[in-house]
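To be precise, the following lines are work_21.txt, and they hold compact mmCIF, C-alpha atoms and all ligand atoms.
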# COMPACT_ATOMS: atom_id res chain seq x y z
CA MET L 14 15.32 11.67 35.10
CA ASP L 15 11.77 12.89 34.95
CA ALA L 16 9.06 11.21 32.96
CA GLY L 17 9.20 13.81 30.22
CA SER L 18 12.88 13.50 29.40
CA ARG L 19 12.68 9.70 29.45
CA PHE L 20 9.88 9.95 26.90
CA LEU L 21 12.01 12.08 24.60
CA GLN L 22 15.11 9.97 25.07
CA GLN L 23 13.20 6.88 24.01
CA MET L 24 11.91 8.76 21.01
CA THR L 25 15.41 9.38 19.79
CA MET L 26 16.93 6.03 20.78
CA SER L 27 15.77 4.51 17.54
CA ARG L 28 18.73 2.38 16.48
CA ASP L 29 17.17 -0.68 18.05
CA GLY L 30 14.24 -0.16 15.71
CA TRP L 31 11.71 0.25 18.48
CA PHE L 32 11.15 3.92 17.96
CA LEU L 33 12.05 4.00 14.30
CA GLY L 34 8.36 4.55 13.72
CA TRP L 35 8.52 7.89 15.44
CA VAL L 36 11.42 9.19 13.44
CA GLY L 37 10.10 7.68 10.22
CA CYS L 38 12.16 9.04 7.38
CA GLN L 39 15.28 9.30 9.50
CA THR L 40 17.79 6.62 10.46
CA GLY L 41 18.92 6.59 14.05
CA GLY L 42 17.65 10.12 14.40
CA GLN L 43 19.92 11.49 11.70
CA THR L 44 19.85 11.73 7.92
CA GLY L 45 22.33 13.61 5.80
CA GLY L 46 23.52 15.61 8.79
CA LEU L 47 19.99 16.66 9.76
CA PHE L 48 18.81 15.93 13.27
CA MET L 49 15.22 15.52 14.35
CA SER L 50 14.89 17.92 17.23
CA ILE L 51 11.17 17.83 17.82
CA LYS L 52 10.29 19.20 21.23
CA GLU L 53 8.33 17.02 23.61
CA LYS L 54 5.46 19.50 23.70
CA ASP L 55 5.15 19.37 19.88
CA ILE L 56 5.14 15.54 19.93
CA LYS L 57 2.44 15.46 22.59
CA LYS L 58 0.36 18.16 20.92
CA LEU L 59 0.47 16.29 17.61
CA TRP L 60 -0.41 12.97 19.26
CA GLY L 61 -3.11 14.45 21.50
CA LEU L 62 -4.93 16.56 18.90
CA SER L 63 -4.99 13.70 16.39
CA ALA L 64 -6.08 11.24 19.13
CA GLY L 65 -3.11 9.06 18.10
CA ARG L 66 -4.65 8.27 14.70
CA CYS L 67 -3.41 8.66 11.13
CA SER L 68 -4.52 12.04 9.76
CA ARG L 69 -4.71 10.87 6.10
CA SER L 70 -8.22 11.62 4.91
CA GLY L 71 -10.26 8.40 5.21
CA CYS L 72 -7.62 6.37 7.12
CA ASP L 73 -7.95 7.00 10.88
CA GLU L 74 -5.67 4.04 11.76
CA LEU L 75 -4.65 3.89 15.42
CA CYS L 76 -0.91 4.52 15.62
CA ILE L 77 -0.17 1.89 18.27
CA ARG L 78 -0.42 -1.83 17.52
CA PHE L 79 -1.58 -4.28 20.16
CA LEU L 80 -1.23 -7.52 18.23
CA THR L 81 1.36 -8.95 20.61
CA ASP L 82 2.05 -8.65 24.34
CA ASP L 83 4.46 -5.87 23.48
CA PRO L 84 2.50 -2.89 22.13
CA THR L 85 4.33 -1.01 19.39
CA VAL L 86 4.15 2.63 18.37
CA ILE L 87 3.79 2.64 14.58
CA GLY L 88 2.78 6.27 14.06
CA GLU L 89 5.17 8.45 12.12
CA MET L 90 5.56 12.18 12.51
CA ALA L 91 5.96 13.24 8.92
CA HIS L 92 7.23 16.65 7.84
CA VAL L 93 4.77 18.65 5.78
CA ILE L 94 7.76 20.55 4.33
CA ALA L 95 10.86 18.33 4.39
CA GLN L 96 13.82 19.43 6.49
CA SER L 97 16.04 19.06 3.45
CA PRO L 98 15.48 21.35 0.43
CA GLN L 99 15.69 18.22 -1.79
CA GLY L 100 13.13 16.28 0.30
CA PRO L 101 9.39 15.97 -0.32
CA ARG L 102 7.73 19.41 -0.64
CA GLY L 103 11.15 20.90 0.18
CA THR L 104 11.85 24.64 0.14
CA PRO L 105 15.22 26.45 0.13
CA GLU L 106 14.85 27.24 3.86
CA GLY L 107 13.78 23.68 4.80
CA GLY L 108 10.84 22.80 7.06
CA GLU L 109 10.94 23.03 10.84
CA ASP L 110 10.54 20.33 13.50
CA THR L 111 7.46 21.95 14.97
CA TYR L 112 3.85 20.90 15.51
CA GLU L 113 2.82 23.29 12.70
CA ASN L 114 5.05 21.46 10.17
CA LEU L 115 4.29 17.88 11.27
CA ILE L 116 1.44 15.49 10.56
CA LEU L 117 0.84 12.14 12.29
CA LEU L 118 0.52 9.33 9.75
CA CYS L 119 0.49 5.53 9.66
CA PRO L 120 3.57 4.02 7.90
CA THR L 121 1.55 3.22 4.74
CA HIS L 122 0.43 6.80 4.25
CA HIS L 123 3.75 8.31 5.22
CA LYS L 124 5.31 6.22 2.44
CA GLU L 125 2.48 7.15 0.06
CA ILE L 126 2.94 10.90 0.46
CA ASP L 127 6.73 10.88 0.41
CA LYS L 128 7.17 8.47 -2.53
CA ALA L 129 4.52 9.99 -4.79
CA PRO L 130 5.70 12.13 -7.75
CA ALA L 131 6.28 15.77 -6.75
CA GLY L 132 3.04 17.75 -6.69
CA THR L 133 0.75 14.78 -5.95
CA PHE L 134 0.36 15.74 -2.28
CA PRO L 135 1.05 19.48 -1.95
CA VAL L 136 1.53 21.22 1.39
CA GLU L 137 -2.06 22.56 1.32
CA THR L 138 -3.51 19.04 0.96
CA LEU L 139 -1.57 17.72 3.97
CA LEU L 140 -2.49 20.71 6.12
CA ASP L 141 -6.11 20.30 5.07
CA TRP L 142 -6.10 16.59 6.12
CA LYS L 143 -4.60 17.53 9.45
CA LYS L 144 -7.10 20.34 10.08
CA ARG L 145 -10.10 18.16 9.17
CA HIS L 146 -8.86 15.20 11.20
CA GLU L 147 -8.32 17.34 14.31
CA ALA L 148 -11.76 18.91 13.87
CA GLU L 149 -13.35 15.43 13.63
CA VAL L 150 -11.52 14.33 16.77
CA ASN L 151 -12.75 17.44 18.56
CA GLU L 152 -16.33 16.93 17.37
CA ALA L 153 -16.27 13.36 18.69
CA PHE L 154 -15.87 14.76 22.23
CA ARG L 155 -19.30 16.39 22.12
CA SER L 156 -21.80 14.50 24.22
CA PRO L 157 -25.42 13.88 23.27
CA VAL L 158 -28.18 15.23 25.53
CA TYR L 159 -29.64 12.23 27.35
CA SER L 160 -33.27 11.75 28.24
CA SER L 161 -32.68 10.05 31.58
CA ARG L 162 -30.17 10.11 34.40
CA ARG L 163 -29.62 6.39 34.08
CA GLU L 164 -28.88 6.58 30.34
CA MET L 165 -26.34 9.36 30.97
CA ALA L 166 -24.76 7.48 33.89
CA THR L 167 -24.44 4.29 31.84
CA GLN L 168 -22.42 6.15 29.21
CA LEU L 169 -20.29 7.85 31.88
CA LYS L 170 -19.66 4.49 33.51
CA ARG L 171 -18.40 3.02 30.20
CA LEU L 172 -15.91 5.88 29.80
CA LEU L 173 -14.72 5.52 33.40
CA ILE L 174 -14.24 1.77 32.87
CA GLU L 175 -12.11 2.41 29.76
CA ASN L 176 -9.97 4.87 31.71
CA GLU L 177 -9.59 2.51 34.64
CA THR L 178 -8.66 -0.38 32.35
CA ALA L 179 -5.98 1.70 30.59
CA TRP L 180 -4.64 2.82 33.98
CA LYS L 181 -4.51 -0.74 35.33
CA THR L 182 -2.97 -2.17 32.15
CA TYR L 183 -0.39 0.50 31.30
CA GLY L 184 -0.18 2.89 34.26
CA PRO L 185 2.79 3.21 36.60
CA ASP L 186 1.19 0.73 39.03
CA SER L 187 0.42 -1.90 36.36
CA SER L 188 2.06 -5.29 36.77
CA ALA L 189 3.92 -4.88 33.45
CA ALA L 190 5.44 -1.56 34.58
CA GLN L 191 6.28 -2.96 38.02
CA LEU L 192 7.96 -6.08 36.65
CA ASN L 193 10.11 -4.22 34.20
CA PRO L 194 10.42 -0.50 34.90
CA LEU L 195 12.71 -0.03 31.89
CA SER L 196 10.31 -1.64 29.42
CA ASN L 197 8.47 0.36 26.78
CA MET L 198 5.47 0.56 29.10
CA HIS L 199 6.41 4.08 30.09
CA LEU L 200 6.12 5.31 26.51
CA ILE L 201 2.91 3.35 25.97
CA TRP L 202 1.41 4.90 29.11
CA THR L 203 2.43 8.38 27.94
CA VAL L 204 0.63 7.92 24.62
CA ARG L 205 -2.36 6.07 26.13
CA LYS L 206 -2.95 9.04 28.42
CA LEU L 207 -3.17 11.22 25.31
CA ASP L 208 -5.24 8.92 23.10
CA ILE L 209 -7.58 7.30 25.68
CA LEU L 210 -7.74 9.14 28.99
CA VAL L 211 -7.63 12.74 27.76
CA PRO L 212 -10.29 12.20 25.01
CA ASN L 213 -12.49 10.20 27.41
CA ASN L 214 -12.17 12.88 30.08
CA ARG L 215 -13.25 15.50 27.54
CA ARG L 216 -16.28 13.37 26.65
CA ILE L 217 -17.12 13.07 30.35
CA ILE L 218 -16.81 16.83 30.85
CA SER L 219 -19.02 17.47 27.81
CA THR L 220 -21.57 14.95 29.17
CA ILE L 221 -21.62 16.71 32.54
CA GLN L 222 -21.97 20.16 30.96
CA ARG L 223 -24.68 19.22 28.46
CA ASN L 224 -26.67 17.14 30.94
CA SER L 225 -26.21 19.08 34.17
CA SER L 226 -29.96 19.06 34.88
CA LEU L 227 -29.89 15.25 35.22
CA PHE L 228 -27.68 15.45 38.34
CA ASP L 229 -28.93 16.00 41.86
CA VAL L 230 -26.97 18.49 44.00
CA PRO L 231 -24.51 16.02 45.65
CA GLY L 232 -24.00 14.33 42.27
CA TYR L 233 -23.29 17.62 40.54
CA ARG L 234 -20.83 18.58 43.25
CA ALA L 235 -18.95 15.30 42.65
CA ALA L 236 -19.09 15.94 38.88
CA CYS L 237 -17.51 19.38 39.36
CA LEU L 238 -14.69 17.74 41.33
CA PHE L 239 -14.15 15.40 38.40
CA VAL L 240 -13.95 18.36 35.98
CA GLU L 241 -11.25 19.97 38.16
CA HIS L 242 -9.32 16.68 38.23
CA ALA L 243 -9.64 16.09 34.46
CA GLU L 244 -8.53 19.59 33.49
CA GLY L 245 -5.47 19.35 35.75
CA PHE L 246 -4.71 15.85 34.45
CA GLU L 247 -4.74 17.07 30.84
CA THR L 248 -2.50 20.04 31.58
CA ASN L 249 -0.12 17.69 33.38
CA CYS L 250 0.04 15.43 30.31
CA TYR L 251 1.53 18.27 28.27
CA GLU L 252 3.51 20.07 30.91
CA ARG L 253 4.37 18.82 34.37
CA THR L 254 2.06 20.58 36.84
CA GLU L 255 2.04 20.45 40.63
CA GLY L 256 -1.07 19.98 42.73
CA VAL L 257 -3.34 18.22 40.21
CA PRO L 258 -6.42 17.02 42.17
CA LYS L 259 -6.65 13.21 42.35
CA PHE L 260 -9.47 11.30 40.67
CA PRO L 261 -12.46 11.93 43.01
CA LYS L 262 -13.75 8.51 44.12
CA VAL L 263 -17.01 10.18 45.11
CA PHE L 264 -17.73 10.75 41.40
CA GLN L 265 -17.36 7.02 40.70
CA GLU L 266 -19.70 6.32 43.65
CA VAL L 267 -22.32 8.72 42.28
CA ILE L 268 -22.18 7.13 38.83
CA ASP L 269 -22.39 3.62 40.34
CA ALA L 270 -25.45 4.68 42.35
CA TYR L 271 -27.10 6.32 39.30
CA THR L 272 -26.62 3.21 37.16
CA ALA L 273 -27.83 0.88 39.93
CA ALA L 274 -30.97 2.90 40.67
CA GLU L 275 -34.28 1.62 39.31
ZN ZN L 301 -3.00 6.02 7.31
Can you turn what I pasted into structure tokens?
Ligand SMILES: [Zn+2]
Amino acid sequence: MDAGSRFLQQMTMSRDGWFLGWVGCQTGGQTGGLFMSIKEKDIKKLWGLSAGRCSRSGCDELCIRFLTDDPTVIGEMAHVIAQSPQGPRGTPEGGEDTYENLILLCPTHHKEIDKAPAGTFPVETLLDWKKRHEAEVNEAFRSPVYSSRREMATQLKRLLIENETAWKTYGPDSSAAQLNPLSNMHLIWTVRKLDILVPNNRRIISTIQRNSSLFDVPGYRAACLFVEHAEGFETNCYERTEGVPKFPKVFQEVIDAYTAAE
């Protein structure tokens, strides 16, 4: 089974309660004869574009909890228009299980919008939250223009450290994944790639593009290799892609040298 189908299977295996968060208003993936049939690409798009955070205006809560050793996905993919005509914001045709009709929310706000009297949270309000939240996430990727090479490199180094830490803690080679290959670590790694590595890589690319004059020629060459790697990595997160260039160690070496220089 490839990584993608395992991800989806875990999403729907919610009877044990572990993934109930993902199917939110459903029980065991089914309610009143309706099945959640959200495609993997829609799940990933929703998670990636919202950076894994609740889209309710003013909330921004991260949709994974790390309070225990066993991280838990708490985010809920709520329907903007309910599948059932009688459900929240329902229409005679019923809403679809697509990215366009879903919004990522924390459990508190999913309950708030679905339990409120009809008309309190109309379709337009939810779509407006989602649009604004995604725009804010996108804006956060934009790098400042730095005044010195060292200042830029220090910021790049921080982002690379965050990526490396996530890789070591949750990645396929992490001790948790090695010890128990059937644990939830696979799902956690799939979402961490979308809410840590992909956003950080975009920040790094923006930093390189907006501060290209601070690189020397060998450094810029290494930075361009990183951009190729990061773009392939992101594509591969959404859709399995062959031949993604590996993380270029030479880029890490350049950044280490830039931060160490007087
Ligand atoms: Zn929330």
As a check of understanding: the span from CA of Glu244 (chain L) to CA of Ile201 (chain L) is 21.2 Å
Surrounding residues of region 255-260 of chain L excluding itself and chain neighbours under 6 positions, 7 Å, only C-alpha atoms, as a PyMOL selection string: chain L and resi 239+241-242+245-246
Which residues of chain L sit at most 7 Å from ligand ZN 301 (chain L), using only C-alpha atoms and all ligand atoms? Give each one's shortest atom pair and distance in Å (one decimal place), in chain and ascending residue order, as JSON lines.
{"residue": "L:Cys67", "atom": "CA", "partner": "L:ZN301", "partner_atom": "ZN", "distance": 4.7}
{"residue": "L:Ser68", "atom": "CA", "partner": "L:ZN301", "partner_atom": "ZN", "distance": 6.7}
{"residue": "L:Arg69", "atom": "CA", "partner": "L:ZN301", "partner_atom": "ZN", "distance": 5.3}
{"residue": "L:Cys72", "atom": "CA", "partner": "L:ZN301", "partner_atom": "ZN", "distance": 4.6}
{"residue": "L:Asp73", "atom": "CA", "partner": "L:ZN301", "partner_atom": "ZN", "distance": 6.2}
{"residue": "L:Glu74", "atom": "CA", "partner": "L:ZN301", "partner_atom": "ZN", "distance": 5.6}
{"residue": "L:Leu118", "atom": "CA", "partner": "L:ZN301", "partner_atom": "ZN", "distance": 5.4}
{"residue": "L:Cys119", "atom": "CA", "partner": "L:ZN301", "partner_atom": "ZN", "distance": 4.2}
{"residue": "L:Pro120", "atom": "CA", "partner": "L:ZN301", "partner_atom": "ZN", "distance": 6.9}
{"residue": "L:Thr121", "atom": "CA", "partner": "L:ZN301", "partner_atom": "ZN", "distance": 5.9}
{"residue": "L:His122", "atom": "CA", "partner": "L:ZN301", "partner_atom": "ZN", "distance": 4.7}
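Across L:Arg102, L:Val150, L:Glu53, L:Asp186, the tightest approach to His199 (chain L) is made by L:Asp186 when counting all atoms listed in the file.
Between CA of Ile77 (chain L) and CA of Thr220 (chain L) the interatomic distance comes to 27.3 Å.
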Applying 8 Å and all atoms listed in the file, which residues near region 139-142 of chain L remain after dropping the ones on its own chain fewer than 4 positions away? List them as a PDB file with C-alpha atoms, in the frame of the given file.
ATOM      1  CA  SER L  68      -4.520  12.040   9.760  1.00  0.00           C
ATOM      2  CA  ARG L  69      -4.710  10.870   6.100  1.00  0.00           C
ATOM      3  CA  SER L  70      -8.220  11.620   4.910  1.00  0.00           C
ATOM      4  CA  VAL L  93       4.770  18.650   5.780  1.00  0.00           C
ATOM      5  CA  ILE L 116       1.440  15.490  10.560  1.00  0.00           C
ATOM      6  CA  PHE L 134       0.360  15.740  -2.280  1.00  0.00           C
ATOM      7  CA  PRO L 135       1.050  19.480  -1.950  1.00  0.00           C
ATOM      8  CA  HIS L 146      -8.860  15.200  11.200  1.00  0.00           C
TER       9      HIS L 146
END
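Comparing L:Leu227, L:Ala274, L:Val86, L:Met198 by their smallest distance to Lys181 (chain L), the closest is L:Met198 (using only C-alpha atoms).
CA of Trp60 (chain L) to CA of Gly184 (chain L) spans 18.1 Å [interatomic distance, one decimal].
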Which centre and which edge lengths, in Å to one decimal, describe the axis-aligned box that holds all listed atoms of region 268-272 of chain L after 4 Å is added on each side, as AutoDock Vina command-line options?
--center_x -24.6 --center_y 5.2 --center_z 39.8 --size_x 12.9 --size_y 11.9 --size_z 13.2
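Using only C-alpha atoms, the shortest contact distance between Leu117 (chain L) and any of L:Ile217, L:Ala64, L:Ala129, L:Ala190 is found at L:Ala64.
Here the question is which of L:Lys262, L:Arg253, L:Arg234, L:Lys57 gets nearest to Glu177 (chain L) using only C-alpha atoms, and that residue is L:Lys262.
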Could you list, as a ChimeraX atom specification, every residue within 8 Å of Gly65 (chain L), counting only C-alpha atoms and ignoring same-chain residues fewer than 6 positions away? /L:75-77,88,117,204,207-208
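Closest approach to Cys250 (chain L) among L:Ile221, L:Val136, L:Ala273, L:Leu210 is made by L:Leu210 (distances from all atoms listed in the file).
For Leu172 (chain L), the residues within 9 Å (counting only C-alpha atoms, excluding itself and residues fewer than 2 positions away along the chain) are Thr167, Gln168, Leu169, Lys170, Ile174, Glu175, Asn176, Glu177, Leu210, Asn213, Asn214, Arg216 and Ile217 of chain L.
Each of L:Lys124, L:Glu109, L:Pro84, L:Asp269 was checked against Tyr183 (chain L) using all atoms listed in the file; the smallest atom-to-atom distance is that of L:Pro84.
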